[in-house]
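Q: Pasting upload_8.tsv below, which is TSV, C-alpha atoms.
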chain	number	residue	atom	x	y	z
A	17	MET	CA	108.48	134.41	95.23
A	18	GLU	CA	108.59	135.96	98.72
A	19	GLU	CA	110.23	132.85	100.17
A	20	ASN	CA	112.86	132.77	97.41
A	21	SER	CA	113.62	136.47	97.86
A	22	LYS	CA	114.58	135.80	101.49
A	23	LEU	CA	117.22	133.20	100.52
A	24	PRO	CA	120.88	134.23	100.14
A	25	ILE	CA	121.89	134.54	96.49
A	26	LEU	CA	124.42	131.66	96.73
A	27	THR	CA	121.79	129.34	98.26
A	28	LEU	CA	119.31	130.32	95.57
A	29	ILE	CA	121.86	129.59	92.83
A	30	GLN	CA	122.73	126.27	94.46
A	31	ASN	CA	119.05	125.25	94.65
A	32	ARG	CA	118.53	126.12	90.99
A	33	ILE	CA	121.61	124.13	89.94
A	34	ILE	CA	120.44	121.10	91.93
A	35	ALA	CA	116.96	121.40	90.38
A	36	GLY	CA	118.56	121.52	86.93
A	37	VAL	CA	120.68	118.46	87.66
A	38	LEU	CA	117.61	116.50	88.82
A	39	ILE	CA	115.85	117.37	85.56
A	40	ILE	CA	118.83	116.61	83.31
A	41	ILE	CA	119.82	113.26	84.88
A	42	PRO	CA	116.69	111.24	83.88
A	43	LEU	CA	116.62	113.00	80.49
A	44	GLY	CA	120.30	112.24	79.93
A	45	ILE	CA	119.89	108.60	80.95
A	46	THR	CA	116.95	108.24	78.56
A	47	ILE	CA	118.92	109.75	75.67
A	48	TRP	CA	121.97	107.60	76.49
A	49	LEU	CA	119.89	104.42	76.53
A	50	ALA	CA	118.25	105.38	73.22
A	51	ILE	CA	121.68	105.98	71.60
A	52	PHE	CA	123.07	102.76	73.10
A	53	PHE	CA	120.11	100.76	71.79
A	54	PHE	CA	120.37	102.36	68.36
A	55	ASN	CA	124.12	101.66	68.10
A	56	PHE	CA	123.66	98.13	69.41
A	57	ILE	CA	121.16	97.10	66.75
A	58	THR	CA	122.99	98.84	63.89
A	59	GLN	CA	126.64	98.11	64.70
A	60	TRP	CA	126.73	95.26	62.17
A	61	ILE	CA	126.79	97.87	59.41
A	62	ASP	CA	130.33	99.13	60.20
A	63	PRO	CA	132.29	96.04	59.04
A	64	VAL	CA	130.07	95.86	55.94
A	65	MET	CA	130.84	99.46	55.01
A	66	GLU	CA	134.59	98.85	55.31
A	67	ASN	CA	134.39	96.37	52.43
A	68	LEU	CA	132.46	98.68	50.12
A	69	ASN	CA	134.32	100.97	47.73
A	70	MET	CA	132.44	104.24	48.22
A	71	SER	CA	133.29	107.91	48.55
A	72	ASP	CA	133.01	109.55	51.96
A	73	ALA	CA	129.73	111.28	51.03
A	74	GLU	CA	128.20	108.07	49.65
A	75	ASN	CA	129.46	106.14	52.67
A	76	LYS	CA	127.88	108.64	55.06
A	77	TRP	CA	124.41	108.66	53.48
A	78	PHE	CA	124.36	104.93	52.85
A	79	THR	CA	125.29	104.29	56.50
A	80	ILE	CA	122.51	106.60	57.73
A	81	GLY	CA	120.01	104.86	55.46
A	82	MET	CA	121.09	101.38	56.57
A	83	ARG	CA	120.98	102.32	60.25
A	84	GLY	CA	117.49	103.76	59.81
A	85	ALA	CA	116.36	100.62	58.00
A	86	SER	CA	117.85	98.45	60.77
A	87	LEU	CA	115.95	100.42	63.40
A	88	LEU	CA	112.67	100.07	61.50
A	89	ALA	CA	113.30	96.36	60.97
A	90	THR	CA	113.94	95.90	64.71
A	91	LEU	CA	110.74	97.74	65.64
A	92	ALA	CA	108.81	95.67	63.10
A	93	PHE	CA	110.31	92.48	64.57
A	94	LEU	CA	109.31	93.51	68.12
A	95	PHE	CA	105.80	94.31	66.90
A	96	LEU	CA	105.60	90.90	65.22
A	97	VAL	CA	106.77	89.15	68.39
A	98	GLY	CA	104.17	91.03	70.43
A	99	GLN	CA	101.46	90.10	67.94
A	100	ILE	CA	102.46	86.43	67.83
A	101	ALA	CA	102.54	86.34	71.64
A	102	LYS	CA	98.77	86.93	71.58
A	103	TRP	CA	98.20	83.57	69.88
A	104	ALA	CA	97.43	80.58	72.08
A	105	LEU	CA	100.01	78.33	70.40
A	106	ALA	CA	102.75	80.94	70.83
A	107	ARG	CA	101.88	81.32	74.52
A	108	ARG	CA	102.21	77.57	75.02
A	109	LEU	CA	105.59	77.59	73.25
A	110	MET	CA	106.76	80.49	75.42
A	111	LEU	CA	105.72	78.66	78.60
A	112	THR	CA	107.63	75.59	77.44
A	113	LEU	CA	110.72	77.69	76.69
A	114	GLU	CA	110.39	79.42	80.05
A	115	LYS	CA	110.31	76.08	81.86
A	116	LEU	CA	113.47	75.02	80.05
A	117	LEU	CA	115.25	78.26	80.98
A	118	LEU	CA	114.27	77.86	84.63
A	119	GLU	CA	115.94	74.43	84.66
A	120	ILE	CA	119.37	75.90	83.79
A	121	PRO	CA	121.15	76.89	87.07
A	122	VAL	CA	122.70	80.31	86.28
A	123	ILE	CA	120.35	81.37	83.49
A	124	SER	CA	117.29	80.60	85.64
A	125	ALA	CA	118.35	83.17	88.28
A	126	VAL	CA	118.95	85.89	85.68
A	127	TYR	CA	115.76	85.14	83.75
A	128	SER	CA	113.48	84.92	86.80
A	129	THR	CA	114.83	88.20	88.21
A	130	ALA	CA	114.42	90.03	84.90
A	131	LYS	CA	110.91	88.60	84.46
A	132	GLN	CA	109.89	89.71	87.97
A	133	ILE	CA	110.94	93.29	87.25
A	134	VAL	CA	109.25	93.36	83.83
A	135	ASP	CA	106.04	91.83	85.20
A	136	ALA	CA	106.03	94.34	88.04
A	137	MET	CA	106.52	97.28	85.70
A	138	LYS	CA	103.81	95.94	83.41
A	139	GLY	CA	101.26	95.83	86.21
A	140	GLY	CA	97.58	95.31	85.44
A	141	LYS	CA	95.69	92.04	85.42
A	142	GLY	CA	98.26	90.32	83.23
A	143	GLY	CA	101.16	91.07	85.56
A	144	LEU	CA	102.66	88.98	88.32
A	145	PHE	CA	101.76	91.58	90.95
A	146	LYS	CA	98.11	92.53	91.49
A	147	ALA	CA	98.27	95.46	93.92
A	148	VAL	CA	100.56	97.47	96.19
A	149	VAL	CA	100.27	96.51	99.86
A	150	LEU	CA	101.75	98.25	102.90
A	151	VAL	CA	102.94	95.86	105.61
A	152	GLU	CA	104.42	96.59	109.04
A	153	TYR	CA	107.95	95.13	108.94
A	154	PRO	CA	110.33	94.36	110.63
A	155	ARG	CA	108.35	95.65	113.62
A	156	LYS	CA	105.22	97.60	114.47
A	157	GLY	CA	105.40	101.21	113.35
A	158	LEU	CA	107.76	100.54	110.42
A	159	TYR	CA	106.29	99.92	106.97
A	160	VAL	CA	107.51	98.31	103.76
A	161	ILE	CA	106.10	98.30	100.24
A	162	THR	CA	105.05	94.84	99.09
A	163	PHE	CA	103.10	93.50	96.11
A	164	LEU	CA	100.07	91.25	96.23
A	165	THR	CA	100.66	88.00	94.32
A	166	ASN	CA	97.81	85.78	95.56
A	167	GLU	CA	94.76	86.44	97.74
A	168	ASN	CA	94.51	82.71	98.60
A	169	LYS	CA	90.75	82.52	98.06
A	170	MET	CA	90.99	78.79	97.46
A	171	LYS	CA	91.43	76.38	100.37
A	172	ASN	CA	95.06	75.33	100.89
A	173	GLU	CA	97.28	73.73	103.52
A	174	ILE	CA	98.83	76.94	104.83
A	175	LEU	CA	95.46	78.56	105.53
A	176	GLU	CA	94.13	75.35	107.00
A	177	LYS	CA	96.98	74.85	109.48
A	178	THR	CA	97.39	78.48	110.55
A	179	GLY	CA	93.67	79.22	110.82
A	180	ASN	CA	94.26	82.74	109.49
A	181	ASP	CA	93.08	84.60	106.41
A	182	LEU	CA	96.52	85.00	104.84
A	183	ILE	CA	97.42	86.62	101.56
A	184	CYS	CA	100.68	86.23	99.63
A	185	VAL	CA	102.78	89.36	99.20
A	186	PHE	CA	106.23	89.75	97.68
A	187	MET	CA	108.61	92.12	99.46
A	188	PRO	CA	111.39	93.11	97.03
A	189	PHE	CA	114.79	94.42	98.00
A	190	ALA	CA	115.91	97.85	96.83
A	191	PRO	CA	117.05	97.62	94.06
A	192	PRO	CA	114.57	94.79	93.30
A	193	THR	CA	116.94	91.98	92.33
A	194	ALA	CA	115.37	89.57	94.83
A	195	GLY	CA	113.02	89.57	97.81
A	196	PHE	CA	110.87	87.61	100.25
A	197	LEU	CA	107.55	85.86	99.83
A	198	ILE	CA	105.50	86.62	102.96
A	199	PHE	CA	102.15	85.26	104.12
A	200	VAL	CA	100.44	88.13	105.95
A	201	PRO	CA	97.04	88.26	107.68
A	202	ARG	CA	94.68	90.29	105.50
A	203	ASN	CA	93.61	92.50	108.42
A	204	GLU	CA	97.24	93.54	108.96
A	205	CYS	CA	97.65	94.77	105.38
A	206	THR	CA	96.97	98.23	104.02
A	207	PHE	CA	96.01	98.12	100.34
A	208	LEU	CA	97.25	101.21	98.51
A	209	GLU	CA	95.67	102.92	95.51
A	210	MET	CA	98.98	103.49	93.70
A	211	SER	CA	99.65	101.36	90.63
A	212	VAL	CA	102.10	98.48	90.67
A	213	SER	CA	104.42	100.35	88.30
A	214	ASP	CA	104.43	103.38	90.62
A	215	GLY	CA	105.16	101.12	93.57
A	216	MET	CA	108.09	99.53	91.76
A	217	LYS	CA	109.42	102.94	90.68
A	218	LEU	CA	109.25	104.03	94.32
A	219	ILE	CA	111.41	101.07	95.36
A	220	ILE	CA	113.87	101.32	92.46
A	221	SER	CA	114.43	105.03	93.13
A	222	GLY	CA	114.96	104.47	96.85
A	223	GLY	CA	111.87	106.49	97.70
A	224	VAL	CA	112.75	109.48	95.50
A	225	ALA	CA	110.16	108.86	92.75
A	226	SER	CA	107.09	109.15	94.96
A	227	PRO	CA	103.89	109.46	92.87
A	228	GLU	CA	101.65	112.48	93.40
A	229	TYR	CA	98.50	111.89	95.44
A	230	PRO	CA	95.57	111.79	94.78
A	231	TYR	CA	96.33	109.66	91.74
A	232	LYS	CA	94.97	110.41	88.30
A	233	LYS	CA	92.78	107.57	87.08
A	234	THR	CA	93.16	106.31	83.51
A	235	PRO	CA	89.95	105.83	81.45
A	236	SER	CA	90.28	102.03	81.80
A	237	GLN	CA	90.58	102.30	85.59
A	238	ILE	CA	87.55	104.59	85.77
A	239	ALA	CA	85.49	102.19	83.63
A	240	GLU	CA	86.60	99.19	85.71
A	241	LYS	CA	85.63	100.98	88.93
A	242	GLN	CA	82.20	101.85	87.53
A	243	ASN	CA	81.63	98.26	86.40
A	244	THR	CA	82.51	96.88	89.84
A	245	GLY	CA	80.27	99.44	91.49
A	246	ASN	CA	83.01	100.65	93.89
Once you've parsed the file, please lay out its structure as structure tokens.
A:
Amino acid sequence: MEENSKLPILTLIQNRIIAGVLIIIPLGITIWLAIFFFNFITQWIDPVMENLNMSDAENKWFTIGMRGASLLATLAFLFLVGQIAKWALARRLMLTLEKLLLEIPVISAVYSTAKQIVDAMKGGKGGLFKAVVLVEYPRKGLYVITFLTNENKMKNEILEKTGNDLICVFMPFAPPTAGFLIFVPRNECTFLEMSVSDGMKLIISGGVASPEYPYKKTPSQIAEKQNTGN
């Protein structure tokens, strides 16, 4: 309060307006995406309603009911897809479909990019990225956020011919539409505690969405740490 009282009134007003804008922008984007998604999955109703002979009141309530039913049907469909994806046969079919998509020139680039972002945001053991790693690049004293993809614990040609303990990290661009695969000596890497999703948010936001430290551990992370004895 003492610090704020020393600020000129115009500067104080400006700071409050900027703070309000920073709060409203993510909220507004979230609401806009929700409305866009809702309209996208229910827009098929409009041409149907034009062919029905109803009063304005009946038309209004029937449209609301149909849009609500469409939303519930879409959520049920997504739930069903997620449930089926847990089955071994469905996973094999998805891998086959993925291989076919990656063979198509233009579609493969779009699909692989989208999958990288989704896998990164998903994080955890099932994701493409395993951990957030800080690497000095493009020179000593400068650091970039990268994501661990493979610790190379198995013997391979690259490790054999370089004679170094190298790990695979992916360095995405900002925004993360592409990036570099880098083999970095393990002793030159700094493994961070932040989650993969927080690391990706940091990159997507251009460094604005920096997670608070120390990080709050989820119950699953606490249990995993206790089981590993770390």
Q: Grab the atom CA of Phe145 of chain A to atom CA of Phe199 of chain A distance for me, in Å with one decimal place.
A: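 Result for atom CA of Phe145 of chain A versus atom CA of Phe199 of chain A: 14.6 Å, one decimal.
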Q: Take the point (94.9, 96.2, 110.2) in the file's coordinates, draw a sphere of radius 12 Å around it, and report as a VMD selection string every protein, DNA or RNA residue with an atom inside or on it, counting all atoms listed in the file.
A: chain A and resid 149 to 152 156 200 to 207
Q: Go ahead and compute the interatomic distance for atom CA of Ile220 of chain A and atom CA of Leu91 of chain A, in Å to one decimal.
A: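 Separating atom CA of Ile220 of chain A from atom CA of Leu91 of chain A is a distance of 27.2 Å.
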Q: If I take atom CA of Leu144 of chain A and atom CA of Leu182 of chain A, how far is one from the other in Å, to one decimal?
A: 18.1 Å
Q: Select, from A:Cys184, A:Met82, A:Ala101, A:Ala130, the residue with the minimum atom-to-atom distance to Ile61 of chain A, counting only C-alpha atoms.
A: A:Met82
Q: Rank A:Ile198, A:Ala35, A:Ile41, A:Glu209 by their smallest atom-to-atom distance to Pro154 of chain A, using all atoms listed in the file, and report the top residue only.
A: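 The answer is A:Ile198, which sits nearest to Pro154 of chain A.
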